[in-house]
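Novice: I have a structure here, written as structure tokens, and I will follow up with some questions on it.
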Amino acid sequence: MLDLTQLRSFVALEQMGSFSLAAKKLGLGQSTVSQHIQRLEAQLGRNLVQRDTHHLALTSDGEALLAHARNMLSINGEVQALFAESSLRGHFRLGVSEDFVTSRLPGVLEDFARAHPSVDLELTVAISGVLYEMLDSGEIDLLLAKRKPGDARGQVAFREPRVWLARDPDRILAGHKALPLIAFPPPSLTRSAVLQALERHQIPWRIVCTCGSLSGLIAAARAGMGILVQSKSMMPLGLQEFPAGRLPPLEDVEFVLVPRDGTDRNLISALSKEILWNVRNFPVAT
């Protein structure tokens with residue numbers, strides 16, 4: 001029978017992409033995680049991980065094991081929750097900013113679902129301005145979104161710079177009298193920050209593409225339609241950052257966790273813990 005502790009290390013290794021981060025996630029030594037993988041490989045008689053000095057990836061056998069490992073850990077969590085009097089239960093409504101979904105959310109949801117299988121999660125993905133409106137009207141229990149200017153609510157999850165992006169920055173700057181912008185519709189906080197920065201520097205602009213989906217905005221930017229502003233660590237492939245000094249500096253963005261008053265504190269604490277750990281430790285492209 002496969003060892004669940006070894007499987008837990010295997011799944012964490014795939015999720016985090018390195019032995020050191022997997023060890024940190026599990027609260028173990030790096031050598032311990034390495035031993036777990038070696039013993040798992042020895043038991044199965046297969047190499048599960050390709051290792052070199054710059055890259056770590058699963059082999060085809062590792063990929064085949066991954067889904068089964070996740071299922072076994074999930075079943076184990078469900079059984080433990082069934083007999084644990086203190087296990088969390090209920091329905092929880094989480095609102096998440098579009099920016100966060102494609103980069104760091106999968107790891108958060110996987111860890112939370114495994115640890116709290118009796119909690120039913122309702123996920124809402126929207127721009128930050130809409131999420132604040134939903135929180136204030138009682139439609140969601142916790143939001144992870146950009147902080148509104150002047151709003152002191154919430155706990156800062158992370159802070160990072162915004163960057164100007166385009167498929168070909170030099171062509172964009174040379175070919176347009178008014179900067180062509182690609183942006184979310186109002187009440188987008190990033191849109192407001194960008195327009196305020198341009199107006200302060202008296203730079204003409206026009207919105208050439210508006211879309212409520214981040215994937216739609218990225219597609220327009222990759223097509224060369226104009227300029228997209230995004231958090232630096234979430235910069236999409238196929239786009240280039242404008243050289244420093246070519247466009248006005250933008251204020252850093254803060255992503256915060258804001259709970260709804262009256263929400264179950266235990267549920268808030270559990271999900272907030274998973275989110276904060278992942279956003280502060282998960283490797284992202286820069």
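By convention in this document, the chains of the structure tokens carry letters A, B, ... by their order, each chain's residues are numbered from 1, and ligands are numbered from 1 in the order they are shown.
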With only C-alpha atoms as the counted atoms, please give the residues lying no more than 12 Å from Gly107 of chain A, apart from itself and same-chain residues fewer than 3 positions off, as number ranges by chain.
Specialist: A: 11-17, 25, 100-104, 110-114, 274-279, 281-283
Novice: Within 8 Å of Leu56 of chain A, counting only C-alpha atoms, which residues show up once you throw out same-chain ones fewer than 6 positions away? Write them as a ChimeraX atom specification, please.
Specialist: /A:17-18,49-50
Novice: Here is a test: counting only C-alpha atoms, which residue of A:Trp205, A:Arg70, A:Pro169, A:Leu214 is nearest to Ala126 of chain A?
Specialist: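 Under the stated criterion, the closest residue is A:Leu214.
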Novice: Can you work out which one of A:Met134, A:Leu267, A:Leu66, A:Leu165 has the shortest atom-to-atom distance to Leu237 of chain A, counting only C-alpha atoms?
Specialist: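 Answer, going by the shortest atom-to-atom distance: A:Leu165.
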Novice: Please report, as a ChimeraX atom specification, each residue of segment 25-245 of chain A to which DSSP assigns helix (DSSP H, G or I) when run on this structure's backbone.
Specialist: /A:25-26,30-44,60-83,98-101,105-115,128-136,169-175,189-200,214-222,232-234
Novice: May I ask which of the residues A:Ser97, A:Asn76, A:Ser9, A:Ser215 is the closest one to Thr124 of chain A, counting only C-alpha atoms?
Specialist: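 That would be A:Ser97, the residue with the smallest distance to Thr124 of chain A.
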Novice: For Arg39 of chain A, which residue among A:Asp264, A:Leu21, A:Arg222, A:Gln6 is the nearest when counting only C-alpha atoms?
Specialist: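 With only C-alpha atoms as the atom set, the closest residue is A:Gln6.
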Novice: Between atom CA of Arg8 of chain A and atom CA of Ala23 of chain A, what is the distance, to one decimal in Å?
Specialist: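 One can read the atom CA of Arg8 of chain A to atom CA of Ala23 of chain A distance as 10.7 Å.
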Novice: Record the distance separating atom CA of Glu199 of chain A and atom CA of Arg246 of chain A, expressed in Å with one decimal.
Specialist: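 A separation of 15.3 Å between them.
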Novice: Just the number, please: distance in Å from atom CA of Ser231 of chain A to atom CA of Leu143 of chain A, one decimal.
Specialist: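 A separation of 17.9 Å between them.
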Novice: Pick the closest to Glu241 of chain A from A:Pro259, A:Pro185, A:Pro161, A:Gly138: which is it, counting only C-alpha atoms?
Specialist: A:Pro161
Novice: Compare A:Ile227, A:Leu28, A:Ile268, A:Ala244 by their minimum atom-to-atom distance to Arg171 of chain A, counting only C-alpha atoms, and give me the closest one.
Specialist: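 The closest residue to Arg171 of chain A is A:Ile227.
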Novice: Determine which residues of segment 221-266 of chain A receive a DSSP assignment of strand (DSSP E or B), computed from the backbone, and state them as a list in words.
Specialist: Ile227, Leu228, Val229, Gln230, Ser231, Gln240, Glu241, Val253, Glu254, Phe255, Val256, Leu257, Val258 and Pro259 of chain A
Novice: So that I have them on file, write out the residues from the current selection with N, CA, C and O atoms, as an mmCIF file, in the first residue's frame.
Specialist:
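Below is the file result.cif, written as the result:
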data_model
loop_
_atom_site.group_PDB
_atom_site.id
_atom_site.type_symbol
_atom_site.label_atom_id
_atom_site.label_comp_id
_atom_site.auth_asym_id
_atom_site.auth_seq_id
_atom_site.Cartn_x
_atom_site.Cartn_y
_atom_site.Cartn_z
ATOM 1 N N ILE A 227 -2.157 48.870 -25.310
ATOM 2 C CA ILE A 227 -1.396 48.742 -24.067
ATOM 3 C C ILE A 227 -2.284 48.160 -22.971
ATOM 4 O O ILE A 227 -3.409 48.605 -22.772
ATOM 5 N N LEU A 228 -1.740 47.196 -22.257
ATOM 6 C CA LEU A 228 -2.419 46.578 -21.114
ATOM 7 C C LEU A 228 -1.584 46.833 -19.870
ATOM 8 O O LEU A 228 -0.360 46.714 -19.904
ATOM 9 N N VAL A 229 -2.221 47.181 -18.774
ATOM 10 C CA VAL A 229 -1.524 47.335 -17.491
ATOM 11 C C VAL A 229 -1.890 46.159 -16.602
ATOM 12 O O VAL A 229 -3.068 45.830 -16.441
ATOM 13 N N GLN A 230 -0.856 45.542 -16.014
ATOM 14 C CA GLN A 230 -1.067 44.349 -15.203
ATOM 15 C C GLN A 230 -0.055 44.328 -14.066
ATOM 16 O O GLN A 230 0.979 45.006 -14.132
ATOM 17 N N SER A 231 -0.360 43.562 -13.015
ATOM 18 C CA SER A 231 0.600 43.365 -11.934
ATOM 19 C C SER A 231 1.831 42.660 -12.486
ATOM 20 O O SER A 231 1.720 41.765 -13.328
ATOM 21 N N GLN A 240 5.533 42.507 -23.704
ATOM 22 C CA GLN A 240 6.780 43.082 -23.206
ATOM 23 C C GLN A 240 6.481 44.288 -22.322
ATOM 24 O O GLN A 240 5.539 45.045 -22.566
ATOM 25 N N GLU A 241 7.318 44.455 -21.329
ATOM 26 C CA GLU A 241 7.194 45.623 -20.452
ATOM 27 C C GLU A 241 7.835 46.841 -21.117
ATOM 28 O O GLU A 241 8.889 46.741 -21.752
ATOM 29 N N VAL A 253 0.210 48.085 -6.516
ATOM 30 C CA VAL A 253 -1.121 47.579 -6.209
ATOM 31 C C VAL A 253 -1.033 46.684 -4.978
ATOM 32 O O VAL A 253 -0.084 45.914 -4.821
ATOM 33 N N GLU A 254 -1.996 46.802 -4.103
ATOM 34 C CA GLU A 254 -2.112 45.941 -2.932
ATOM 35 C C GLU A 254 -3.304 45.005 -3.115
ATOM 36 O O GLU A 254 -4.405 45.460 -3.410
ATOM 37 N N PHE A 255 -3.070 43.718 -2.959
ATOM 38 C CA PHE A 255 -4.154 42.747 -2.922
ATOM 39 C C PHE A 255 -4.461 42.458 -1.456
ATOM 40 O O PHE A 255 -3.556 42.162 -0.670
ATOM 41 N N VAL A 256 -5.730 42.565 -1.096
ATOM 42 C CA VAL A 256 -6.113 42.423 0.299
ATOM 43 C C VAL A 256 -7.227 41.398 0.471
ATOM 44 O O VAL A 256 -7.980 41.106 -0.461
ATOM 45 N N LEU A 257 -7.300 40.848 1.660
ATOM 46 C CA LEU A 257 -8.398 39.977 2.069
ATOM 47 C C LEU A 257 -9.349 40.791 2.928
ATOM 48 O O LEU A 257 -8.929 41.376 3.938
ATOM 49 N N VAL A 258 -10.617 40.837 2.534
ATOM 50 C CA VAL A 258 -11.615 41.596 3.293
ATOM 51 C C VAL A 258 -12.805 40.684 3.581
ATOM 52 O O VAL A 258 -13.486 40.236 2.645
ATOM 53 N N PRO A 259 -13.070 40.370 4.850
ATOM 54 C CA PRO A 259 -14.217 39.514 5.184
ATOM 55 C C PRO A 259 -15.494 40.333 5.341
ATOM 56 O O PRO A 259 -15.458 41.537 5.633
#
Novice: Compile the contact shell of Pro243 of chain A as a list in words: residues with an atom at most 12 Å away, counting only C-alpha atoms, same-chain residues fewer than 5 positions apart removed.
Specialist: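 Once the nearby chain positions are removed, what remains is Val163, Trp164, Leu165, Ala166, Asp168, Pro169, Asp170, Leu173, Pro248 and Pro249 of chain A.
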Novice: Once you have the residues from the selection above, write them out as a PDB file, in the first residue's frame, restricted to N, CA and C atoms.
Specialist:
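The resulting result_30.pdb:
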ATOM      1  N   VAL A 163       2.721  47.301 -14.234  1.00  0.00           N
ATOM      2  CA  VAL A 163       3.610  47.572 -15.363  1.00  0.00           C
ATOM      3  C   VAL A 163       2.790  47.802 -16.628  1.00  0.00           C
ATOM      4  N   TRP A 164       3.343  48.642 -17.517  1.00  0.00           N
ATOM      5  CA  TRP A 164       2.765  48.896 -18.834  1.00  0.00           C
ATOM      6  C   TRP A 164       3.242  47.793 -19.773  1.00  0.00           C
ATOM      7  N   LEU A 165       2.335  47.174 -20.525  1.00  0.00           N
ATOM      8  CA  LEU A 165       2.677  46.038 -21.374  1.00  0.00           C
ATOM      9  C   LEU A 165       2.118  46.212 -22.779  1.00  0.00           C
ATOM     10  N   ALA A 166       2.820  45.658 -23.755  1.00  0.00           N
ATOM     11  CA  ALA A 166       2.330  45.630 -25.135  1.00  0.00           C
ATOM     12  C   ALA A 166       3.100  44.566 -25.903  1.00  0.00           C
ATOM     13  N   ASP A 168       4.478  45.084 -28.820  1.00  0.00           N
ATOM     14  CA  ASP A 168       5.639  45.791 -29.368  1.00  0.00           C
ATOM     15  C   ASP A 168       5.605  47.222 -28.844  1.00  0.00           C
ATOM     16  N   PRO A 169       6.200  47.482 -27.683  1.00  0.00           N
ATOM     17  CA  PRO A 169       6.143  48.831 -27.084  1.00  0.00           C
ATOM     18  C   PRO A 169       6.642  49.940 -27.998  1.00  0.00           C
ATOM     19  N   ASP A 170       7.757  49.714 -28.718  1.00  0.00           N
ATOM     20  CA  ASP A 170       8.301  50.769 -29.576  1.00  0.00           C
ATOM     21  C   ASP A 170       7.314  51.147 -30.681  1.00  0.00           C
ATOM     22  N   LEU A 173       4.388  53.260 -29.224  1.00  0.00           N
ATOM     23  CA  LEU A 173       4.747  54.648 -28.912  1.00  0.00           C
ATOM     24  C   LEU A 173       4.981  55.477 -30.170  1.00  0.00           C
ATOM     25  N   PRO A 248       4.390  57.166 -17.680  1.00  0.00           N
ATOM     26  CA  PRO A 248       4.378  57.594 -16.279  1.00  0.00           C
ATOM     27  C   PRO A 248       4.457  56.416 -15.310  1.00  0.00           C
ATOM     28  N   PRO A 249       5.118  56.600 -14.172  1.00  0.00           N
ATOM     29  CA  PRO A 249       5.143  55.538 -13.161  1.00  0.00           C
ATOM     30  C   PRO A 249       3.746  55.311 -12.593  1.00  0.00           C
TER      31      PRO A 249
END
Novice: Taking 2 positions as the minimum chain separation for residues in the same chain, which residues sit within 8 Å of Phe92 of chain A when counting only C-alpha atoms? Answer as a PyMOL selection string.
Specialist: chain A and resi 90+94+119-122+141+267
Novice: Using only C-alpha atoms, determine which residues lie at most 10 Å from Ala270 of chain A, disregarding the query and same-chain residues fewer than 6 positions distant; provide the list as number ranges by chain.
Specialist: A: 88, 112, 115-116
Novice: Would you export the selected residues with C-alpha atoms as a compact mmCIF listing (two decimals), in the first residue's frame, please?
Specialist:
# COMPACT_ATOMS: atom_id res chain seq x y z
CA LEU A 88 -15.36 22.85 9.33
CA PHE A 112 -8.36 24.16 1.07
CA ALA A 115 -8.07 20.14 4.31
CA HIS A 116 -11.79 21.00 4.59
